[in-house]
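Undergrad: My questions will all concern the structure given below.
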Amino acid sequence: MAQDTVNRRLAAILAADMVGYSRHMQLDEARTVARQSACMKEMVNPAIEEFRGRLVKTTGDGYLVEFPSAVDAVLCAVKVQRELASHEQDLPSDQRILYRIGINVGEIIYDGDDIFGDGVNVAARLEALADPGGIHISKTVFDNVKGKLDLGFANLGAQKVKNIDQPVPMYRVLLNPEDVGKLIMAAPRVLRRGFFGLAAVVAVIALLIVGTFYTSRQPVTTDAVATRLLVLPFTSRNDDAEMYAKAVSENLWLSLARIKGMTMVGREQSLKFKGMQPSREQILKQGEVTHVLNGTVATDGTDVIIKSKLRALSEEGKSNPQELETRSTPPDVFDSLAKHKNNAISLLNIPLNSNERDILVQAQTRSVQAYLLYAQGLHSWMTGEISGVKSALDSLKQAAEVDQQFFAARGTYAYLNYFVWFMGWNPVRNNVDAHDDALATAARLLEDDPLNSDALFVQIAVMLHSDRERALTMARGAVFQKRHDPRLHLALGWALLSNGLYAEARDEFETYLELSPRLTPEETLDVSNAYLRLDEPERALELVSQLETEALSSLLALALQAEIYSRLGRLEEGKEFARRFLQFLPFYSVIWDEPKFRTYSDAAIFESYSNAMQEVGIPLWPLGFDKGREADRLDEESLLQLYSRSFKTIDTTDPVGGPYTSQYNTDGTVNLHYGFLPDIDFQGTWEIKEDEICQTFPAISMGMRVCERVYEDRSKSTPENPRYIQMNGFGLHRFGVEYIGD
């Protein structure tokens, strides 16, 4: 093999590009050049020098810099962006100079003063995805700087970028000083096309469905309560105890996070201290904390020994910490751990309701291996990425196989399959298979645990989409048998609401709130949605207002707040939330959600939703395409003529620019295949209903019939080769026709 003589080295690369450079140059070329030159001289170059960077080159509208470390690169970028924002703040927004910045750590090739290679290419792609005035960093950079800088970060997940084979995991730097120490899961950008481009848009839209049963197991965000507990990762005293230490830590984070009377510091923040004995000052740098729980786990051949220590930060050095030690056989380790949890809660003087007490004492499984797989599945699910959901299904299935008596793992697996079907996430799993597995898993689970709330919930949720009256009967029966289970009261509330029994539904939602342990942000948004369907926007706003800033910035929260403020008559506030929402999801339209509202017996519920959203600027049809195009729309006679012979589509473009193929047959069947889902062929049926084509695919939209409009695409049509645009709630499908046979 020939030796590689190319010059290479590892470096941190910063790529920056001016936003709207061409527009600025067209407006005033001389002034733009002068202002940009002053910006480089007064802000950029001094920052590069301060943080030991080397300016590789300028590109007219940007610059490329090499740094010896990721920390230096990020500090330089932060200083430049903050100083530039302050310098430009008094100018009109369309006149401000703004930069996008991307930073990557990787191997570069150098030739004299110039550098290139994948390390540089990734930095450039990150820059292109950044917000104006923002900074995007690769996961490699994040891993190098986390815990070292007074900054916050938003996990954007892995995104496919141009000319890079594998998706790039990336983070956004949070520049607001109030965000120091935060690590949040940001709403995904859906405008960038990759392998999951169309699927990501569909999935994100599905998040906005009104009346969902989505109840995430994600650890909760903080709120204003007196006790704020940090659980440090428990350490192992010997190699054999490592697995037990991990399981103990995961169990503490997941269970204590559900206690209403206190606030838990998030798992991600806790993991920053893994392997450390942090000082009081180091802990408080991450945010307000009143108490710290830490400990060790050891094995001595036959037993597992857990030692825990609870201390108050305000009294550190003034009083002895409260310690507890337990010894148990490996199968009883979670029973032993329950004593530590109860001891901590007792010392903290936190009141508990019955469901919170159950959370603390329930062992769930006697297998540490199964529990670690279960925890891994929950964390994968909460990444916010489609790939994370797929990994979660695999982990949960493995956990259930390791311990068939681990009902929580089996129930969560059933629910997550339902969730995939409900969301329409075919990239994760064929929706028909997900639907069938959800019901089959729930049925088997009920054979072993007849009142399992996860299984009952899944059965009620699926039934609600096909037979709302039967779903109501099932929900009433479930609550009668298990009156103190909040999850079943939630299911009954939705079933009552769907059947038009509003007063009873409200009582069930209030009972759900009363019985529940601490709600996650997703659960809070879900029940807020319920109060909107009950036409109680004031109550919905009361619940939403309890959430932290990052939770209020999610796509679901933005849409929900737009509707809340519209219903309250506070239109300007509603329009701002709608504007921010459409920035993330410009393809969204009210009509996309219409099939989901068929769950409700009262059509006025959808009309109220539609009117409220349109009032604040959400279009009825995607991109407002229906306005002004009626002359191009095919009427019933034209549709019958178009579909009178079997044909396949050609020269196609899906709503985000990718290819697709479909074949319509005169026997009323249709085959659909998207380029981004190479392994799935969708089989369905079609019919002409007045002036729309109505299609039903078992694996799309939960098998519901969706009717779509068809327009002539005059910009591309010729008499010999007519072109068409088929519009549904998701977006525009452009196609030509090639007839098959006679």
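In the structure tokens, the first chain shown is A, the next is B, and so on; residue numbers restart at 1 for each chain, and ligands run from 1 in the order shown.
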From range 396-585 of chain A, collect each residue whose DSSP state is helix (DSSP H, G or I) and return the set as number ranges by chain.

TA: A: 396-402, 407-423, 431-448, 453-464, 468-481, 486-498, 502-515, 521-533, 537-544, 549-552, 555-567, 571-584

Undergrad: I'd like the interatomic distance between CA of Ser646 in chain A and CA of Ile740 in chain A, to a tenth of an Å.

TA: 5.4 Å

Undergrad: Compile the contact shell of Leu451 in chain A as a compact mmCIF listing (two decimals) with C-alpha atoms, in the first residue's frame: residues with an atom at most 8 Å away, counting only C-alpha atoms, same-chain residues fewer than 3 positions apart removed.

TA:
```txt
# COMPACT_ATOMS: atom_id res chain seq x y z
CA LEU A 446 -52.96 -8.13 30.22
CA LEU A 456 -55.20 -0.73 29.00
CA ALA A 478 -60.63 0.42 33.39
CA GLN A 481 -61.26 -1.39 38.35
CA LYS A 482 -58.30 0.90 39.05
```

Undergrad: Env of range 30-34 of chain A: 9 Å cut, atoms = only C-alpha atoms, seq-sep filter 3 positions within chain, self excluded. Answer as a list of chain:residue names.

TA: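 Contacts, with the query itself left out: A:Tyr21, A:His24, A:Met25, A:Leu27, A:Ser37, A:Ala38, A:Cys39, A:Gly60, A:Ile97.
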
Undergrad: For CA of Arg579 in chain A and CA of Trp621 in chain A, determine how far apart the two atoms are, in Å to one decimal place.

TA: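 If I compute the distance from CA of Arg579 in chain A to CA of Trp621 in chain A, I get 16.1 Å.
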
Undergrad: So that I can check the surroundings of Phe597 in chain A, please list as a list in words every protein, DNA and RNA residue that reaches within 12 Å of it, counting only C-alpha atoms and ignoring chain neighbours fewer than 4 positions away.

TA: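 The residues that qualify are Leu208, Ile209, Val210, Gly211, Thr212, Leu464, His465, Leu497, Ser498, Asn499, Arg533, Val590, Ile591, Trp592, Asp593, Ser601, Asp602, Ala603, Ala604, Ile605, Phe606, Glu607, Ser608, Tyr609, Ser610 and Met704 of chain A.
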
Undergrad: Kindly save the residues from that selection, with N, CA, C and O atoms included, as a short mmCIF file (atom, residue, chain, number, x, y, z; two decimals), in the first residue's frame.

TA:
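Saved to result.cif:
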```
data_model
loop_
_atom_site.label_atom_id
_atom_site.label_comp_id
_atom_site.auth_asym_id
_atom_site.auth_seq_id
_atom_site.Cartn_x
_atom_site.Cartn_y
_atom_site.Cartn_z
N LEU A 208 -48.17 17.95 16.55
CA LEU A 208 -49.10 19.02 16.84
C LEU A 208 -50.54 18.54 16.91
O LEU A 208 -51.46 19.32 17.05
N ILE A 209 -50.73 17.23 16.75
CA ILE A 209 -52.07 16.69 16.74
C ILE A 209 -52.79 17.01 18.05
O ILE A 209 -52.24 16.85 19.12
N VAL A 210 -54.01 17.45 17.91
CA VAL A 210 -54.78 17.82 19.10
C VAL A 210 -55.47 16.60 19.66
O VAL A 210 -56.10 15.83 18.94
N GLY A 211 -55.34 16.43 20.98
CA GLY A 211 -55.97 15.29 21.62
C GLY A 211 -55.13 14.04 21.57
O GLY A 211 -55.65 12.95 21.48
N THR A 212 -53.81 14.16 21.61
CA THR A 212 -52.98 12.97 21.59
C THR A 212 -52.93 12.35 22.98
O THR A 212 -53.26 12.96 23.97
N LEU A 464 -60.09 4.31 20.26
CA LEU A 464 -60.69 5.64 20.14
C LEU A 464 -60.70 6.13 18.70
O LEU A 464 -61.56 6.93 18.31
N HIS A 465 -59.77 5.64 17.87
CA HIS A 465 -59.68 6.09 16.48
C HIS A 465 -60.63 5.34 15.55
O HIS A 465 -60.78 5.74 14.40
N LEU A 497 -64.36 13.25 26.19
CA LEU A 497 -64.28 14.43 25.34
C LEU A 497 -64.63 14.09 23.89
O LEU A 497 -65.38 14.81 23.23
N SER A 498 -64.11 12.97 23.40
CA SER A 498 -64.40 12.56 22.03
C SER A 498 -65.87 12.26 21.82
O SER A 498 -66.40 12.44 20.72
N ASN A 499 -66.54 11.82 22.86
CA ASN A 499 -67.96 11.50 22.77
C ASN A 499 -68.87 12.67 23.11
O ASN A 499 -70.09 12.53 23.21
N ARG A 533 -59.82 21.96 23.92
CA ARG A 533 -60.96 21.29 23.28
C ARG A 533 -62.23 21.46 24.12
O ARG A 533 -63.34 21.38 23.59
N VAL A 590 -53.64 24.05 8.64
CA VAL A 590 -54.71 23.58 9.53
C VAL A 590 -55.32 22.28 9.00
O VAL A 590 -55.63 21.36 9.76
N ILE A 591 -55.45 22.18 7.69
CA ILE A 591 -56.17 21.05 7.10
C ILE A 591 -55.44 19.73 7.35
O ILE A 591 -56.05 18.65 7.33
N TRP A 592 -54.12 19.80 7.60
CA TRP A 592 -53.38 18.56 7.86
C TRP A 592 -53.93 17.82 9.07
O TRP A 592 -53.97 16.59 9.09
N ASP A 593 -54.37 18.55 10.06
CA ASP A 593 -54.85 17.92 11.29
C ASP A 593 -56.32 17.50 11.23
O ASP A 593 -56.81 16.85 12.14
N SER A 601 -66.91 13.59 18.24
CA SER A 601 -68.27 13.50 17.69
C SER A 601 -68.79 14.86 17.26
O SER A 601 -69.69 14.95 16.42
N ASP A 602 -68.23 15.93 17.82
CA ASP A 602 -68.70 17.29 17.56
C ASP A 602 -67.78 17.97 16.55
O ASP A 602 -66.62 18.28 16.84
N ALA A 603 -68.27 18.20 15.31
CA ALA A 603 -67.46 18.83 14.27
C ALA A 603 -67.07 20.26 14.62
O ALA A 603 -66.11 20.81 14.07
N ALA A 604 -67.78 20.88 15.58
CA ALA A 604 -67.48 22.26 15.96
C ALA A 604 -66.10 22.36 16.63
O ALA A 604 -65.50 23.44 16.65
N ILE A 605 -65.59 21.26 17.17
CA ILE A 605 -64.28 21.30 17.81
C ILE A 605 -63.21 21.62 16.77
O ILE A 605 -62.32 22.44 17.00
N PHE A 606 -63.29 20.98 15.60
CA PHE A 606 -62.32 21.31 14.56
C PHE A 606 -62.53 22.72 14.03
O PHE A 606 -61.58 23.45 13.76
N GLU A 607 -63.79 23.11 13.87
CA GLU A 607 -64.06 24.46 13.37
C GLU A 607 -63.48 25.51 14.30
O GLU A 607 -62.90 26.51 13.85
N SER A 608 -63.60 25.30 15.60
CA SER A 608 -63.04 26.26 16.57
C SER A 608 -61.53 26.31 16.46
O SER A 608 -60.92 27.38 16.50
N TYR A 609 -60.92 25.14 16.34
CA TYR A 609 -59.46 25.08 16.17
C TYR A 609 -59.04 25.79 14.89
O TYR A 609 -58.12 26.61 14.88
N SER A 610 -59.73 25.47 13.79
CA SER A 610 -59.39 26.05 12.49
C SER A 610 -59.51 27.57 12.52
O SER A 610 -58.62 28.29 12.06
N MET A 704 -56.74 6.27 7.79
CA MET A 704 -57.93 7.09 7.51
C MET A 704 -57.93 7.58 6.07
O MET A 704 -56.87 7.80 5.47
#
```

Undergrad: Within 9 Å of Leu492 in chain A, counting only C-alpha atoms, which residues show up once you throw out same-chain ones fewer than 4 positions away? Write them as a PyMOL selection string, please.

TA: chain A and resi 460+471-472+474-476+478-479+487-488+496-497+505+508-509

Undergrad: Could you write those residues out with N, CA, C and O atoms, as a PDB file, in the first residue's frame?

TA:
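Everything below was put into again-v2.pdb:
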```
ATOM      1  N   ILE A 460     -57.297   1.359  24.741  1.00  0.00           N
ATOM      2  CA  ILE A 460     -58.280   2.446  24.675  1.00  0.00           C
ATOM      3  C   ILE A 460     -57.885   3.449  23.600  1.00  0.00           C
ATOM      4  O   ILE A 460     -58.731   3.910  22.812  1.00  0.00           O
ATOM      5  N   ALA A 471     -64.566   2.674  22.924  1.00  0.00           N
ATOM      6  CA  ALA A 471     -63.399   3.143  23.683  1.00  0.00           C
ATOM      7  C   ALA A 471     -63.838   3.730  25.019  1.00  0.00           C
ATOM      8  O   ALA A 471     -63.176   3.527  26.045  1.00  0.00           O
ATOM      9  N   LEU A 472     -64.962   4.452  25.023  1.00  0.00           N
ATOM     10  CA  LEU A 472     -65.473   5.031  26.259  1.00  0.00           C
ATOM     11  C   LEU A 472     -65.880   3.940  27.245  1.00  0.00           C
ATOM     12  O   LEU A 472     -65.589   4.029  28.448  1.00  0.00           O
ATOM     13  N   MET A 474     -64.660   0.929  27.396  1.00  0.00           N
ATOM     14  CA  MET A 474     -63.416   0.328  27.879  1.00  0.00           C
ATOM     15  C   MET A 474     -62.769   1.210  28.948  1.00  0.00           C
ATOM     16  O   MET A 474     -62.292   0.721  29.978  1.00  0.00           O
ATOM     17  N   ALA A 475     -62.743   2.525  28.704  1.00  0.00           N
ATOM     18  CA  ALA A 475     -62.101   3.447  29.650  1.00  0.00           C
ATOM     19  C   ALA A 475     -62.856   3.497  30.973  1.00  0.00           C
ATOM     20  O   ALA A 475     -62.246   3.524  32.055  1.00  0.00           O
ATOM     21  N   ARG A 476     -64.188   3.515  30.900  1.00  0.00           N
ATOM     22  CA  ARG A 476     -64.979   3.518  32.141  1.00  0.00           C
ATOM     23  C   ARG A 476     -64.692   2.250  32.955  1.00  0.00           C
ATOM     24  O   ARG A 476     -64.535   2.299  34.182  1.00  0.00           O
ATOM     25  N   ALA A 478     -61.989   0.395  32.873  1.00  0.00           N
ATOM     26  CA  ALA A 478     -60.627   0.415  33.393  1.00  0.00           C
ATOM     27  C   ALA A 478     -60.536   1.272  34.656  1.00  0.00           C
ATOM     28  O   ALA A 478     -59.916   0.875  35.657  1.00  0.00           O
ATOM     29  N   VAL A 479     -61.171   2.445  34.637  1.00  0.00           N
ATOM     30  CA  VAL A 479     -61.128   3.330  35.803  1.00  0.00           C
ATOM     31  C   VAL A 479     -61.904   2.728  36.966  1.00  0.00           C
ATOM     32  O   VAL A 479     -61.496   2.857  38.136  1.00  0.00           O
ATOM     33  N   ARG A 487     -53.187   7.670  34.877  1.00  0.00           N
ATOM     34  CA  ARG A 487     -53.095   7.429  33.428  1.00  0.00           C
ATOM     35  C   ARG A 487     -54.432   6.974  32.862  1.00  0.00           C
ATOM     36  O   ARG A 487     -54.818   7.367  31.759  1.00  0.00           O
ATOM     37  N   LEU A 488     -55.156   6.190  33.594  1.00  0.00           N
ATOM     38  CA  LEU A 488     -56.455   5.718  33.113  1.00  0.00           C
ATOM     39  C   LEU A 488     -57.511   6.820  33.199  1.00  0.00           C
ATOM     40  O   LEU A 488     -58.427   6.874  32.368  1.00  0.00           O
ATOM     41  N   LEU A 496     -64.254  10.567  26.958  1.00  0.00           N
ATOM     42  CA  LEU A 496     -65.448  11.374  27.226  1.00  0.00           C
ATOM     43  C   LEU A 496     -65.484  12.606  26.331  1.00  0.00           C
ATOM     44  O   LEU A 496     -66.536  12.962  25.776  1.00  0.00           O
ATOM     45  N   LEU A 497     -64.355  13.246  26.187  1.00  0.00           N
ATOM     46  CA  LEU A 497     -64.281  14.433  25.336  1.00  0.00           C
ATOM     47  C   LEU A 497     -64.632  14.086  23.894  1.00  0.00           C
ATOM     48  O   LEU A 497     -65.385  14.808  23.226  1.00  0.00           O
ATOM     49  N   ALA A 505     -65.730  14.906  31.192  1.00  0.00           N
ATOM     50  CA  ALA A 505     -64.339  14.906  30.732  1.00  0.00           C
ATOM     51  C   ALA A 505     -63.495  15.841  31.589  1.00  0.00           C
ATOM     52  O   ALA A 505     -62.379  15.502  31.996  1.00  0.00           O
ATOM     53  N   GLU A 508     -62.564  14.323  34.853  1.00  0.00           N
ATOM     54  CA  GLU A 508     -61.514  13.310  34.731  1.00  0.00           C
ATOM     55  C   GLU A 508     -60.140  13.946  34.571  1.00  0.00           C
ATOM     56  O   GLU A 508     -59.149  13.460  35.129  1.00  0.00           O
ATOM     57  N   PHE A 509     -60.060  15.044  33.804  1.00  0.00           N
ATOM     58  CA  PHE A 509     -58.765  15.712  33.644  1.00  0.00           C
ATOM     59  C   PHE A 509     -58.305  16.332  34.962  1.00  0.00           C
ATOM     60  O   PHE A 509     -57.111  16.322  35.280  1.00  0.00           O
TER      61      PHE A 509
END
```

Undergrad: List the neighbours of Met43 in chain A out to 9 Å using only C-alpha atoms; skip same-chain residues closer than 3 positions along the sequence, and give me the result as a ChimeraX atom specification.

TA: /A:38-40,46-48,79-80,83-84

Undergrad: Could you state the separation of CA of Ser391 in chain A and CA of Gly377 in chain A in Å, given to one decimal place?

TA: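 Separation between CA of Ser391 in chain A and CA of Gly377 in chain A: 6.8 Å.
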
Undergrad: Find the residue from A:Gln36, A:Arg8, A:Ile13, A:Thr140 that sits nearest to Ile108 in chain A; use only C-alpha atoms when measuring.

TA: A:Arg8

Undergrad: Using only C-alpha atoms, what table do you get, as a tab-separated table, when you list each residue of range 505-601 of chain A with an atom no more than 12 Å from range 650-671 of chain A, its nearest pair of atoms, and their distance in Å rounded to one decimal, rows by chain then rising number?

TA:
```
residue	atom	partner	partner_atom	distance
A:Leu585	CA	A:Val656	CA	11.5
A:Pro586	CA	A:Val656	CA	10.8
A:Phe587	CA	A:Pro655	CA	8.1
A:Tyr588	CA	A:Pro655	CA	11.1
```
